[in-house]
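Here is the file final_29.cif (mmCIF, C-alpha atoms).
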```
data_my_file
loop_
_atom_site.group_PDB
_atom_site.id
_atom_site.type_symbol
_atom_site.label_atom_id
_atom_site.label_comp_id
_atom_site.auth_asym_id
_atom_site.auth_seq_id
_atom_site.Cartn_x
_atom_site.Cartn_y
_atom_site.Cartn_z
ATOM 1 C CA MET M 1 -90.525 45.167 6.026
ATOM 2 C CA ASN M 2 -88.015 47.957 5.325
ATOM 3 C CA SER M 3 -88.849 49.984 2.242
ATOM 4 C CA GLY M 4 -85.632 52.022 2.462
ATOM 5 C CA GLU M 5 -87.614 55.242 2.991
ATOM 6 C CA PRO M 6 -87.212 56.627 6.555
ATOM 7 C CA SER M 7 -90.396 56.286 8.566
ATOM 8 C CA LEU M 8 -92.050 59.134 10.471
ATOM 9 C CA TYR M 9 -90.551 57.721 13.670
ATOM 10 C CA GLN M 10 -87.030 57.635 12.192
ATOM 11 C CA ARG M 11 -87.354 61.229 10.943
ATOM 12 C CA TYR M 12 -88.520 62.289 14.388
ATOM 13 C CA LEU M 13 -85.711 60.610 16.355
ATOM 14 C CA PRO M 14 -82.993 63.277 15.735
ATOM 15 C CA ARG M 15 -85.416 65.945 17.017
ATOM 16 C CA ARG M 16 -86.847 63.889 19.853
ATOM 17 C CA ARG M 17 -84.756 65.315 22.708
ATOM 18 C CA SER M 18 -85.212 68.904 21.565
ATOM 19 C CA PHE M 19 -88.971 68.413 21.277
ATOM 20 C CA GLU M 20 -89.287 66.782 24.707
ATOM 21 C CA VAL M 21 -87.245 69.445 26.508
ATOM 22 C CA GLY M 22 -88.903 72.249 24.548
ATOM 23 C CA PHE M 23 -92.387 70.938 25.290
ATOM 24 C CA TRP M 24 -91.931 70.960 29.065
ATOM 25 C CA VAL M 25 -90.012 74.261 29.153
ATOM 26 C CA PHE M 26 -92.664 75.990 27.040
ATOM 27 C CA SER M 27 -95.506 74.437 29.055
ATOM 28 C CA TYR M 28 -94.207 75.618 32.416
ATOM 29 C CA LEU M 29 -93.054 78.994 31.093
ATOM 30 C CA ALA M 30 -96.510 79.660 29.661
ATOM 31 C CA SER M 31 -98.102 78.426 32.885
ATOM 32 C CA ALA M 32 -95.929 80.695 35.035
ATOM 33 C CA ILE M 33 -96.660 83.755 32.898
ATOM 34 C CA GLY M 34 -100.379 83.092 32.695
ATOM 35 C CA ASN M 35 -100.760 82.332 36.381
ATOM 36 C CA SER M 36 -98.717 85.403 37.331
ATOM 37 C CA ILE M 37 -101.020 87.634 35.314
ATOM 38 C CA THR M 38 -104.207 86.172 36.798
ATOM 39 C CA ALA M 39 -102.724 86.208 40.334
ATOM 40 C CA ASN M 40 -101.899 89.893 39.999
ATOM 41 C CA MET M 41 -105.402 90.565 38.695
ATOM 42 C CA ASP M 42 -106.822 88.832 41.788
ATOM 43 C CA VAL M 43 -104.504 90.835 44.060
ATOM 44 C CA GLN M 44 -105.686 94.104 42.550
ATOM 45 C CA ARG M 45 -109.357 93.064 42.507
ATOM 46 C CA LEU M 46 -109.310 91.948 46.146
ATOM 47 C CA GLN M 47 -106.914 94.734 47.196
ATOM 48 C CA LEU M 48 -104.588 92.300 48.994
ATOM 49 C CA GLY M 49 -101.679 94.729 49.053
ATOM 50 C CA PHE M 50 -99.001 92.584 47.377
ATOM 51 C CA THR M 51 -96.575 94.170 44.939
ATOM 52 C CA THR M 52 -96.460 92.930 41.325
ATOM 53 C CA TRP M 53 -93.261 90.910 41.702
ATOM 54 C CA GLN M 54 -94.555 88.750 44.561
ATOM 55 C CA PRO M 55 -97.189 86.736 42.614
ATOM 56 C CA ALA M 56 -94.617 86.398 39.837
ATOM 57 C CA VAL M 57 -92.165 84.837 42.307
ATOM 58 C CA TRP M 58 -94.839 82.471 43.625
ATOM 59 C CA GLU M 59 -95.712 81.184 40.185
ATOM 60 C CA ALA M 60 -92.168 81.128 38.803
ATOM 61 C CA SER M 61 -90.807 79.193 41.788
ATOM 62 C CA SER M 62 -93.602 76.619 41.511
ATOM 63 C CA ALA M 63 -93.141 76.205 37.750
ATOM 64 C CA LEU M 64 -89.339 75.951 38.039
ATOM 65 C CA MET M 65 -89.486 73.196 40.655
ATOM 66 C CA ALA M 66 -92.145 71.291 38.707
ATOM 67 C CA LEU M 67 -89.985 71.513 35.579
ATOM 68 C CA LEU M 68 -86.920 70.232 37.450
ATOM 69 C CA LEU M 69 -88.973 67.287 38.755
ATOM 70 C CA VAL M 70 -90.283 66.156 35.350
ATOM 71 C CA PRO M 71 -87.200 63.891 34.795
ATOM 72 C CA VAL M 72 -87.887 62.295 38.196
ATOM 73 C CA VAL M 73 -91.430 61.396 37.112
ATOM 74 C CA ALA M 74 -90.124 60.147 33.758
ATOM 75 C CA TRP M 75 -87.669 57.874 35.587
ATOM 76 C CA PHE M 76 -90.327 56.631 37.990
ATOM 77 C CA THR M 77 -92.810 55.851 35.207
ATOM 78 C CA ARG M 78 -90.128 53.865 33.388
ATOM 79 C CA ARG M 79 -89.682 51.775 36.515
ATOM 80 C CA ARG M 80 -93.418 51.652 37.342
ATOM 81 C CA PRO M 81 -95.354 52.280 34.116
ATOM 82 C CA LEU M 82 -99.063 52.980 34.411
ATOM 83 C CA HIS M 83 -101.169 51.224 31.774
ATOM 84 C CA LEU M 84 -104.775 50.142 31.389
ATOM 85 C CA ASP M 85 -103.890 46.544 32.244
ATOM 86 C CA ASN M 86 -102.023 47.339 35.479
ATOM 87 C CA TRP M 87 -103.511 50.582 36.790
ATOM 88 C CA GLN M 88 -105.129 48.936 39.834
ATOM 89 C CA ARG M 89 -101.783 47.493 40.919
ATOM 90 C CA MET M 90 -99.781 50.637 40.122
ATOM 91 C CA LEU M 91 -102.214 53.251 41.438
ATOM 92 C CA PRO M 92 -101.151 52.913 45.132
ATOM 93 C CA LEU M 93 -97.486 53.304 44.122
ATOM 94 C CA HIS M 94 -98.273 56.423 42.126
ATOM 95 C CA LEU M 95 -100.297 57.861 44.994
ATOM 96 C CA LEU M 96 -97.190 57.509 47.150
ATOM 97 C CA GLY M 97 -95.174 58.952 44.288
ATOM 98 C CA SER M 98 -97.457 61.991 44.184
ATOM 99 C CA VAL M 99 -96.828 62.635 47.885
ATOM 100 C CA ALA M 100 -93.055 62.426 47.398
ATOM 101 C CA TRP M 101 -93.266 64.639 44.298
ATOM 102 C CA SER M 102 -95.346 67.219 46.157
ATOM 103 C CA LEU M 103 -92.956 67.222 49.117
ATOM 104 C CA LEU M 104 -89.962 67.921 46.851
ATOM 105 C CA HIS M 105 -91.940 70.518 44.927
ATOM 106 C CA VAL M 106 -93.062 72.376 48.037
ATOM 107 C CA VAL M 107 -89.667 72.308 49.775
ATOM 108 C CA GLY M 108 -87.948 73.607 46.645
ATOM 109 C CA MET M 109 -90.392 76.390 45.837
ATOM 110 C CA VAL M 110 -90.570 77.589 49.459
ATOM 111 C CA ALA M 111 -86.767 77.725 49.595
ATOM 112 C CA ILE M 112 -86.697 79.812 46.399
ATOM 113 C CA ARG M 113 -89.387 82.166 47.694
ATOM 114 C CA LYS M 114 -87.643 82.641 51.045
ATOM 115 C CA ALA M 115 -84.370 83.439 49.262
ATOM 116 C CA VAL M 116 -86.000 85.992 46.939
ATOM 117 C CA TYR M 117 -87.973 87.587 49.764
ATOM 118 C CA ALA M 118 -84.825 87.794 51.919
ATOM 119 C CA SER M 119 -83.010 89.574 49.093
ATOM 120 C CA GLN M 120 -85.740 92.221 49.270
ATOM 121 C CA GLY M 121 -85.541 92.505 53.044
ATOM 122 C CA LEU M 122 -88.810 90.605 53.545
ATOM 123 C CA HIS M 123 -89.837 87.303 55.139
ATOM 124 C CA TYR M 124 -91.859 84.637 53.311
ATOM 125 C CA GLU M 125 -94.250 82.884 55.674
ATOM 126 C CA PHE M 126 -95.215 79.218 55.157
ATOM 127 C CA SER M 127 -97.145 78.234 58.265
ATOM 128 C CA PRO M 128 -98.675 76.288 59.702
ATOM 129 C CA TRP M 129 -96.671 73.980 57.429
ATOM 130 C CA TRP M 130 -99.040 70.982 57.689
ATOM 131 C CA TRP M 131 -102.003 73.117 56.585
ATOM 132 C CA GLU M 132 -100.065 74.778 53.791
ATOM 133 C CA PHE M 133 -98.651 71.440 52.587
ATOM 134 C CA GLY M 134 -102.133 69.922 52.528
ATOM 135 C CA TYR M 135 -103.337 72.848 50.423
ATOM 136 C CA GLU M 136 -100.400 72.504 48.040
ATOM 137 C CA TYR M 137 -100.771 68.724 47.808
ATOM 138 C CA LEU M 138 -104.360 69.021 46.592
ATOM 139 C CA LYS M 139 -102.977 71.002 43.646
ATOM 140 C CA ASP M 140 -99.820 68.928 43.230
ATOM 141 C CA MET M 141 -101.729 65.650 43.088
ATOM 142 C CA ARG M 142 -103.504 66.878 39.958
ATOM 143 C CA SER M 143 -100.247 68.227 38.524
ATOM 144 C CA TYR M 144 -98.500 64.902 39.133
ATOM 145 C CA ALA M 145 -101.375 63.007 37.479
ATOM 146 C CA GLY M 146 -101.201 65.340 34.487
ATOM 147 C CA ILE M 147 -97.456 64.759 34.074
ATOM 148 C CA VAL M 148 -97.835 60.965 34.327
ATOM 149 C CA LEU M 149 -100.705 60.865 31.831
ATOM 150 C CA THR M 150 -98.816 63.122 29.422
ATOM 151 C CA ILE M 151 -95.665 60.973 29.606
ATOM 152 C CA GLU M 152 -97.528 57.677 29.255
ATOM 153 C CA GLY M 153 -99.646 59.028 26.387
ATOM 154 C CA TYR M 154 -96.535 60.285 24.606
ATOM 155 C CA ARG M 155 -94.804 56.919 25.031
ATOM 156 C CA PHE M 156 -97.895 55.130 23.721
ATOM 157 C CA ILE M 157 -97.814 57.247 20.560
ATOM 158 C CA LEU M 158 -94.091 56.548 20.114
ATOM 159 C CA ARG M 159 -94.676 52.816 20.462
ATOM 160 C CA ARG M 160 -97.413 52.955 17.830
ATOM 161 C CA LEU M 161 -95.135 54.863 15.446
ATOM 162 C CA GLN M 162 -92.210 52.594 16.211
ATOM 163 C CA GLY M 163 -94.132 49.331 16.155
ATOM 164 C CA GLU M 164 -94.890 47.163 19.177
ATOM 165 C CA ALA M 165 -94.118 43.443 19.231
ATOM 166 C CA SER M 166 -95.986 40.630 20.941
ATOM 167 C CA LEU M 167 -95.781 36.873 21.153
ATOM 168 C CA LEU M 168 -98.055 34.831 18.918
ATOM 169 C CA ASP M 169 -100.919 33.513 21.012
ATOM 170 C CA ALA M 170 -102.232 29.981 20.777
ATOM 171 C CA PRO M 171 -105.383 29.772 18.604
ATOM 172 C CA ASP M 172 -108.772 29.256 20.215
ATOM 173 C CA ASP M 173 -109.304 26.014 18.266
ATOM 174 C CA GLY M 174 -106.729 23.533 17.073
ATOM 175 C CA ALA M 175 -103.011 23.257 17.543
ATOM 176 C CA PRO M 176 -100.745 26.323 17.181
ATOM 177 C CA LEU M 177 -98.889 26.714 13.888
ATOM 178 C CA GLU M 178 -95.599 26.916 15.781
ATOM 179 C CA PRO M 179 -94.436 26.335 19.376
ATOM 180 C CA VAL M 180 -95.873 28.898 21.750
ATOM 181 C CA GLU M 181 -93.237 28.295 24.423
ATOM 182 C CA ARG M 182 -90.382 28.889 21.963
ATOM 183 C CA PRO M 183 -91.812 30.989 19.134
ATOM 184 C CA GLU M 184 -90.092 31.187 15.777
ATOM 185 C CA ARG M 185 -91.832 34.464 14.929
ATOM 186 C CA PHE M 186 -93.130 37.565 16.681
ATOM 187 C CA LEU M 187 -96.145 39.647 15.749
ATOM 188 C CA VAL M 188 -95.480 43.368 15.248
ATOM 189 C CA ARG M 189 -98.265 45.946 15.179
ATOM 190 C CA LYS M 190 -97.416 49.271 13.595
ATOM 191 C CA LEU M 191 -99.933 51.988 12.704
ATOM 192 C CA ASN M 192 -102.829 49.533 12.353
ATOM 193 C CA ARG M 193 -100.728 47.129 10.284
ATOM 194 C CA GLU M 194 -99.486 43.728 11.407
ATOM 195 C CA PHE M 195 -96.528 41.707 10.178
ATOM 196 C CA LEU M 196 -94.380 38.845 11.403
ATOM 197 C CA VAL M 197 -90.744 39.063 12.422
ATOM 198 C CA ALA M 198 -88.689 35.874 12.405
ATOM 199 C CA ALA M 199 -86.816 35.204 15.637
ATOM 200 C CA SER M 200 -83.674 34.624 13.565
ATOM 201 C CA ASP M 201 -83.921 38.216 12.281
ATOM 202 C CA ILE M 202 -83.570 39.652 15.783
ATOM 203 C CA GLU M 203 -80.037 41.046 16.077
ATOM 204 C CA TRP M 204 -80.069 41.876 19.784
ATOM 205 C CA LEU M 205 -82.434 42.663 22.626
ATOM 206 C CA GLN M 206 -82.279 45.292 25.362
ATOM 207 C CA ALA M 207 -84.319 45.560 28.554
ATOM 208 C CA SER M 208 -86.149 48.860 28.978
ATOM 209 C CA GLY M 209 -88.359 49.027 32.062
ATOM 210 C CA ASN M 210 -91.283 46.647 31.624
ATOM 211 C CA TYR M 211 -90.381 46.216 27.955
ATOM 212 C CA VAL M 212 -87.675 44.482 25.976
ATOM 213 C CA ASN M 213 -86.666 46.182 22.731
ATOM 214 C CA LEU M 214 -86.152 43.787 19.817
ATOM 215 C CA ARG M 215 -83.548 45.147 17.399
ATOM 216 C CA VAL M 216 -84.452 44.108 13.853
ATOM 217 C CA ARG M 217 -82.798 45.640 10.762
ATOM 218 C CA GLY M 218 -82.315 49.039 12.285
ATOM 219 C CA HIS M 219 -85.707 49.134 14.024
ATOM 220 C CA ASP M 220 -86.547 48.716 17.714
ATOM 221 C CA TYR M 221 -89.799 46.953 18.547
ATOM 222 C CA PRO M 222 -90.771 47.024 22.243
ATOM 223 C CA LEU M 223 -92.184 43.775 23.612
ATOM 224 C CA ARG M 224 -94.059 43.748 26.933
ATOM 225 C CA SER M 225 -91.863 41.309 28.871
ATOM 226 C CA THR M 226 -88.927 41.050 31.229
ATOM 227 C CA ILE M 227 -85.494 40.224 29.851
ATOM 228 C CA ALA M 228 -85.510 36.937 31.796
ATOM 229 C CA GLY M 229 -88.960 36.062 30.508
ATOM 230 C CA ILE M 230 -88.064 36.534 26.847
ATOM 231 C CA GLU M 231 -84.686 34.815 27.316
ATOM 232 C CA ALA M 232 -86.524 31.648 28.391
ATOM 233 C CA LYS M 233 -88.464 31.683 25.098
ATOM 234 C CA LEU M 234 -85.491 32.212 22.770
ATOM 235 C CA ASP M 235 -83.444 29.416 21.232
ATOM 236 C CA PRO M 236 -80.403 29.015 23.552
ATOM 237 C CA ASP M 237 -78.335 27.719 20.620
ATOM 238 C CA ARG M 238 -78.870 30.996 18.778
ATOM 239 C CA PHE M 239 -79.125 33.655 21.514
ATOM 240 C CA ALA M 240 -76.873 34.431 24.489
ATOM 241 C CA ARG M 241 -77.147 36.757 27.483
ATOM 242 C CA ILE M 242 -74.169 39.117 27.636
ATOM 243 C CA GLN M 243 -75.249 41.481 30.377
ATOM 244 C CA ARG M 244 -78.128 42.043 32.769
ATOM 245 C CA SER M 245 -79.964 44.096 30.132
ATOM 246 C CA PHE M 246 -78.712 42.616 26.841
ATOM 247 C CA ILE M 247 -79.137 39.441 24.774
ATOM 248 C CA VAL M 248 -77.449 38.965 21.394
ATOM 249 C CA ASN M 249 -78.003 36.787 18.357
ATOM 250 C CA LEU M 250 -74.718 34.884 18.102
ATOM 251 C CA ASP M 251 -74.863 34.977 14.298
ATOM 252 C CA GLN M 252 -74.870 38.790 14.456
ATOM 253 C CA VAL M 253 -71.743 39.152 16.642
ATOM 254 C CA ALA M 254 -68.813 40.610 14.680
ATOM 255 C CA SER M 255 -66.159 40.623 17.408
ATOM 256 C CA ILE M 256 -65.527 40.760 21.148
ATOM 257 C CA GLU M 257 -63.217 43.432 22.564
ATOM 258 C CA PRO M 258 -61.768 42.681 26.020
ATOM 259 C CA LEU M 259 -61.594 45.601 28.458
ATOM 260 C CA GLU M 260 -59.117 46.215 31.286
ATOM 261 C CA THR M 261 -61.937 46.015 33.829
ATOM 262 C CA GLY M 262 -62.533 42.368 32.967
ATOM 263 C CA ASP M 263 -65.689 43.209 31.051
ATOM 264 C CA ALA M 264 -65.904 43.289 27.277
ATOM 265 C CA ARG M 265 -67.457 45.225 24.424
ATOM 266 C CA VAL M 266 -69.422 43.239 21.867
ATOM 267 C CA HIS M 267 -69.305 44.638 18.334
ATOM 268 C CA MET M 268 -72.387 43.695 16.340
ATOM 269 C CA LYS M 269 -72.597 43.388 12.559
ATOM 270 C CA ASP M 270 -75.125 46.231 12.473
ATOM 271 C CA GLY M 271 -72.490 48.563 13.991
ATOM 272 C CA ALA M 272 -73.840 48.574 17.551
ATOM 273 C CA ASN M 273 -71.424 48.255 20.487
ATOM 274 C CA LEU M 274 -72.973 46.443 23.437
ATOM 275 C CA PRO M 275 -71.634 45.947 26.987
ATOM 276 C CA CYS M 276 -70.702 42.449 28.111
ATOM 277 C CA SER M 277 -70.120 41.840 31.809
ATOM 278 C CA ARG M 278 -67.314 39.610 33.040
ATOM 279 C CA THR M 279 -69.934 37.130 34.241
ATOM 280 C CA TYR M 280 -70.896 36.317 30.647
ATOM 281 C CA ARG M 281 -67.646 37.133 28.830
ATOM 282 C CA GLY M 282 -66.008 33.702 29.071
ATOM 283 C CA GLY M 283 -69.108 31.809 28.051
ATOM 284 C CA LEU M 284 -69.728 34.136 25.121
ATOM 285 C CA ARG M 285 -66.190 33.730 23.777
ATOM 286 C CA GLN M 286 -66.450 29.967 24.058
ATOM 287 C CA ARG M 287 -69.765 29.868 22.244
ATOM 288 C CA ILE M 288 -68.547 32.151 19.459
ATOM 289 C CA ALA M 289 -65.446 29.997 19.015
ATOM 290 C CA THR M 290 -67.537 26.812 19.008
ATOM 291 C CA ASP M 291 -69.980 28.183 16.437
ATOM 292 C CA ALA M 292 -67.083 29.337 14.248
#
```
Any chance you could put this one into structure tokens?
Amino acid sequence: MNSGEPSLYQRYLPRRRSFEVGFWVFSYLASAIGNSITANMDVQRLQLGFTTWQPAVWEASSALMALLLVPVVAWFTRRRPLHLDNWQRMLPLHLLGSVAWSLLHVVGMVAIRKAVYASQGLHYEFSPWWWEFGYEYLKDMRSYAGIVLTIEGYRFILRRLQGEASLLDAPDDGAPLEPVERPERFLVRKLNREFLVAASDIEWLQASGNYVNLRVRGHDYPLRSTIAGIEAKLDPDRFARIQRSFIVNLDQVASIEPLETGDARVHMKDGANLPCSRTYRGGLRQRIATDA
């Protein structure tokens, strides 16, 4: 499964944050510049009487607020991901999200414009507010949808590069080769290839939104499940919950470090340090001692 050669995903990981930040900064910078130029062309063509800096302030303030709100959308889509299999259930939530996003966007950009105009001895007018907000929302709704689709599409590509795990389904005919309720193996799809991962090879698991990442030999394979749902399918003699978002393979635990807060830090054999809450600390120590 691991050829020793770093995969495209592994080579990308050190540059991931720089790429993500750079992508959004460049996108909104280019948008602000382009829109400022076209807005000034419209002002001159229609002889509206605005000076050159005013359209630039309009577009820059809008782009800046949209850029600052991208992390908010990223957080919201982690909590409420929008996929082909759940879009009907999630669409109403994202419609409400678009209203909230637009409200924050409008309030922020109007505040910036008023401040800049005041510094020039002018007054920026935004009234009647309900009419102006309705106008802005018609644009913001499309902007919000574009951000969500870009984020979800990007995450889909990352999952394909990384490899996405799933439970083995029962066959259409005949008995399953192994228990479906407590599977011994997981199916991983990666770049149009499929292979099996033994449950015993899973070192630890971490909840991540609507996914649970399976840590296997230095790779993370997201599985569409809740942490409680996958915990019920794992062998309780081999795996233990150590925190709300973490499950560990007991055979892969190197040591447990008590903390002054009453919690603990679990050191794994692969070098990872995982949090263990006080709720699970005593039971984990007892199970490690019993297994030893």
Atomic distance CA of Arg159 (chain M) - CA of Tyr221 (chain M), expressed in Å with one decimal: 7.9 Å
So which residues touch region 82-97 of chain M within 10 Å, counting all atoms listed in the file, skipping near sequence neighbours fewer than 5 positions away, as a PDB file with C-alpha atoms, in the frame of the given file?
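Output below, filename part09.pdb:
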```
ATOM      1  CA  VAL M  73     -91.430  61.396  37.112  1.00  0.00           C
ATOM      2  CA  PHE M  76     -90.327  56.631  37.990  1.00  0.00           C
ATOM      3  CA  THR M  77     -92.810  55.851  35.207  1.00  0.00           C
ATOM      4  CA  SER M 102     -95.346  67.219  46.157  1.00  0.00           C
ATOM      5  CA  LEU M 103     -92.956  67.222  49.117  1.00  0.00           C
ATOM      6  CA  MET M 141    -101.729  65.650  43.088  1.00  0.00           C
ATOM      7  CA  TYR M 144     -98.500  64.902  39.133  1.00  0.00           C
ATOM      8  CA  ALA M 145    -101.375  63.007  37.479  1.00  0.00           C
ATOM      9  CA  VAL M 148     -97.835  60.965  34.327  1.00  0.00           C
ATOM     10  CA  LEU M 149    -100.705  60.865  31.831  1.00  0.00           C
ATOM     11  CA  ILE M 151     -95.665  60.973  29.606  1.00  0.00           C
ATOM     12  CA  GLU M 152     -97.528  57.677  29.255  1.00  0.00           C
ATOM     13  CA  GLY M 153     -99.646  59.028  26.387  1.00  0.00           C
ATOM     14  CA  PHE M 156     -97.895  55.130  23.721  1.00  0.00           C
TER      15      PHE M 156
END
```
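The space between CA of Ser255 (chain M) and CA of Cys276 (chain M) spans 11.8 Å.
Straight-line separation from CA of Ser18 (chain M) to CA of Arg224 (chain M): 27.2 Å.
Those residues returned by the PyMOL selection byres ((chain M and resi 209) around 9) for this file are Thr77, Arg78, Arg79, Arg80, Pro81, Ala207, Ser208, Asn210, Tyr211, Val212 and Thr226 of chain M.
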